[in-house]
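Shown next, in structure tokens, is the structure this report addresses.
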Amino acid sequence: MNNFTYVRATDVAEAVRQGGQAHAKFLGGGTNLVDLMRETLERPSVLVDVTGLSSAITDREDGGMLIGAAAKNTAVAEHRGVRTRYPLLARAILAGASGQIRNMATVGGNLLQRTRCTYFYDDDGSRCNKRGPGQGCDAIDGFNRIHAILGASSSCVATHPSDMCVALAMLDAVVHVTGSQGERTIAFADLHLLPGNHPEVETSLSPGELITAVELPALSFAQRSTYRKVRDRASYAFALVSVAAAMEVDDGVVKGVRVALGGVAAKPWRALRLEAALTGRPANEESFRAAAEAELADAQPLRHNAFKIEVAKRTIVAVLAELAGDRL
Amino acid sequence: MSVNINGLSVDLPSDARVSLLDLLRDHLDLPGTKVGCNQGACGACTVLADGERILSCLALAVQYEGRSVTTIEGLTVEGSLHRLQHAFIEHDGFQCGYCTPGQICSAIGMLREVQRGVPSLVTEDLSSRSIALTRDELRERMSGNLCRCGAYNGIVEAITEFAETSK
């Protein structure tokens, strides 16, 4: 680990000022960043600890909620309002990591965690365009079972590892940020970027910009929502495929539906084609399957991950059937 | 700049790179907390920070300024083993014993979470205020602690007995 200066920010203005220094990084719970620093994949000169900033979880007048970026993952998952009004968010958080890590990890840090691509981590032996732009990507022709099937490029096939972010993508969350130019908000769908020719650029944040809060908009059918994760063991593993979904059924017809996929792309994958294909259709397995087929039509498998396409389709159908419940 | 370790105030290292795990083992001669993977994948380094279980390998010691950390050494009372340690012995909750300090600290933190009503992935009714510590609940909540000897049945039995006799 390289040497660095550690400072603890007491307010957002100070955090942004300190974070504006060259090679500064914001530090949340450290569950990803400390590991990346130990692997020398991150070499900050200044660490600005922002865990003392707002961790409040509050109701908004418009019916939504606002979660301070320093809120711990456990605090969000155990919050009564989150559990009853946004159950998929609680379930997505509880599907991720372990009890110990959820006690440490913050909401802001969860949004900015880096990929778990093994070639990205293999600093000594592999080429990676995220680590070293222009090097090439050894995952594309390597062992790529865990890699992307949607939205990848010839530069990068890494996936985003977060469970929580899949729920936030489904909810159309809004990210509140502050930088040297002031405050602004970013639609969740615009926060994470697909790799294109620049996989080293992972978010739309400007250098030094700090995530201060995540806003959950009101969603009338969010209470009828869930999260399902498919992985190599029953607990404490990253997703091969995951599905966050909410659905509103009226008289046997899908009135509203939201779906997002995890483990399939460099960002949480909002299934807009599926939503368009399913809205107004009968709430049955045939419709669910057809909508899932539409969403995965452009999926591009690598040598070892074609199974993800069928797993994604079946998981989508199973989750929507569960949400339809006795209305099928 | 200090941190409270097992009831004693300790100066934090001047080098911010020192992890909480290395502070305990290398600076304070408290080797009960174990180095497993040193990357957050095994749970051997689990300690309690203000009563909450965390991984000391992924924690920089300086982040815990002013907080209270309890390690396996801090669980003994006047030289006597903690009741959960006795339960691990009684139920063969270990073979080599390397993961045991982490298992025990994790279990104590986990039981506090259950008492507080924190749900888990296998909790069916998220709106429920009380949680029954079924075998599935216990195993899901302890999944962050690996045991390469595979002493899981004994670990589950030990924690279950301790939880039931602590009510």
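Chain labels follow the order of the structure tokens: the first chain is A, the next B, and so on; residue numbering restarts at 1 in every chain, and ligands are counted from 1 in their shown order.
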
| query | Using only C-alpha atoms, which chain B residues lie at most 8 Å away from chain A, written as number ranges by chain? | reply | B: 16-17, 39-40, 43, 46, 52-55, 58-60, 63, 106, 110, 117-121, 126-127, 140-144

| field | Residues flagged strand (DSSP E) by DSSP in range 169-272 of chain A, as a PyMOL selection string | value | chain A and resi 174-179+182-187+210-216+225-230+241-250+253-262+269-270

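What separates CA of Ala239 in chain A from CA of Ala152 in chain A is a distance of 17.2 Å.
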
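Residues surrounding range 300-302 of chain A within 12 Å are Ala139, Ile140, Asp141, Gly142, Phe143, Asn144, Arg145, Ile146, His147, Ala148, Ile149, Leu150, Gly151, Ala152, Ser153, Ser154, Cys156, Val157, Ala158, Val264, Ala265, Lys308, Ile309 and Glu310 of chain A [only C-alpha atoms; sequence separation below 6 positions excluded].
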
Show me, as a PDB file with N, CA, C and O atoms, in the first residue's frame, the residues that have an atom within 8 Å of Gly179 in chain A when counting only C-alpha atoms, minus same-chain residues fewer than 3 positions from it.
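File written: around10.pdb
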```pdb
ATOM      1  N   VAL A  16     -15.304  18.325   0.112  1.00  0.00           N
ATOM      2  CA  VAL A  16     -15.119  18.674  -1.295  1.00  0.00           C
ATOM      3  C   VAL A  16     -13.797  19.427  -1.480  1.00  0.00           C
ATOM      4  O   VAL A  16     -13.067  19.198  -2.454  1.00  0.00           O
ATOM      5  N   GLY A 182     -20.502  23.245  -7.095  1.00  0.00           N
ATOM      6  CA  GLY A 182     -21.786  23.286  -6.407  1.00  0.00           C
ATOM      7  C   GLY A 182     -22.501  21.948  -6.429  1.00  0.00           C
ATOM      8  O   GLY A 182     -21.890  20.918  -6.703  1.00  0.00           O
ATOM      9  N   GLU A 183     -23.806  22.001  -6.124  1.00  0.00           N
ATOM     10  CA  GLU A 183     -24.598  20.771  -6.024  1.00  0.00           C
ATOM     11  C   GLU A 183     -25.294  20.476  -7.350  1.00  0.00           C
ATOM     12  O   GLU A 183     -25.623  21.385  -8.100  1.00  0.00           O
ATOM     13  N   SER A 206     -17.733  14.146 -11.905  1.00  0.00           N
ATOM     14  CA  SER A 206     -16.536  14.916 -12.233  1.00  0.00           C
ATOM     15  C   SER A 206     -15.478  14.642 -11.168  1.00  0.00           C
ATOM     16  O   SER A 206     -15.810  14.261 -10.037  1.00  0.00           O
ATOM     17  N   GLY A 208     -13.372  14.809  -8.063  1.00  0.00           N
ATOM     18  CA  GLY A 208     -13.580  15.527  -6.808  1.00  0.00           C
ATOM     19  C   GLY A 208     -15.029  15.664  -6.384  1.00  0.00           C
ATOM     20  O   GLY A 208     -15.324  16.173  -5.312  1.00  0.00           O
ATOM     21  N   GLU A 209     -15.966  15.228  -7.239  1.00  0.00           N
ATOM     22  CA  GLU A 209     -17.377  15.325  -6.860  1.00  0.00           C
ATOM     23  C   GLU A 209     -17.726  14.251  -5.831  1.00  0.00           C
ATOM     24  O   GLU A 209     -17.318  13.088  -5.981  1.00  0.00           O
ATOM     25  N   LEU A 210     -18.489  14.633  -4.834  1.00  0.00           N
ATOM     26  CA  LEU A 210     -18.833  13.754  -3.717  1.00  0.00           C
ATOM     27  C   LEU A 210     -20.313  13.387  -3.756  1.00  0.00           C
ATOM     28  O   LEU A 210     -21.168  14.273  -3.870  1.00  0.00           O
TER      29      LEU A 210
END
```

| said: I want to know what sits within 10 Å of Arg184 in chain A, based on only C-alpha atoms, with residues of the same chain fewer than 3 positions away left out; could you give that as a list in words? | reply: Val175, His176, Val177, Thr178, Gly179, Gln181, Glu209 and Ile211 of chain A

| said: According to DSSP computed on the backbone, where in chain B is there alpha helix (DSSP H)? Give the residues as an MDAnalysis selection string. | reply: chainID B and resid 20:22 83:90 100:116 135:141 152:165

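Going from CA of Arg116 in chain A to CA of Phe238 in chain A covers 8.5 Å.
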